[in-house]
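Q: One structure coming up, written as structure tokens, with questions to follow.
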Amino acid sequence: MPMMTLQFDLLRGGLCKLSRWISDTAMSSTSQKHKEFVAEPMGEKPVMALAGIGEVLGKKLEEHGFDKAYVVLGQFLVLKKDEELFRDWLKDTCGANAKQQRDCYGCLKEWCDAFL
């Protein structure tokens, strides 16, 4: 691979991550839904109890077999709690936008920090 192409690929990858970081930090407050989710054990909560997951995304996740919050947690753990991998998976699986991805990731990460 020529040096110029490699540098461009690294720069492009860095800019994508920087852009995601900027959009993530611009709106970093948590919702009431998030606060309620992380305040107690997960139990049998439906997938729509996750922050960032409403009725539309919840139905899409259910169609893929992710009907409970703990099933999405399982995927989160399989992906080793990696933010980029999880957000990409959520986008590919149910079409979540950047804010929905960020909210769901943050919800699961904070829940894991509190309960695992």
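Identifiers for the structure tokens are assigned positionally: chains receive A, B, ... in sequence, residues are indexed from 1 per chain, and ligands are indexed from 1 in the order shown.
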Might you pull out every residue within 8 Å of stretch 100-110 of chain A, with only C-alpha atoms counted and same-chain residues fewer than 3 positions away left off, and present them as an MDAnalysis selection string?

A: chainID A and resid 24 30 34 37:38 50:53 73 76 81 83 86:87 90:91 96:97 113:114

Q: Between A:Leu79, A:Met48, A:Cys112, A:Leu85, which residue has the minimum interatomic distance to A:Asp67, considering only C-alpha atoms?

A: A:Met48
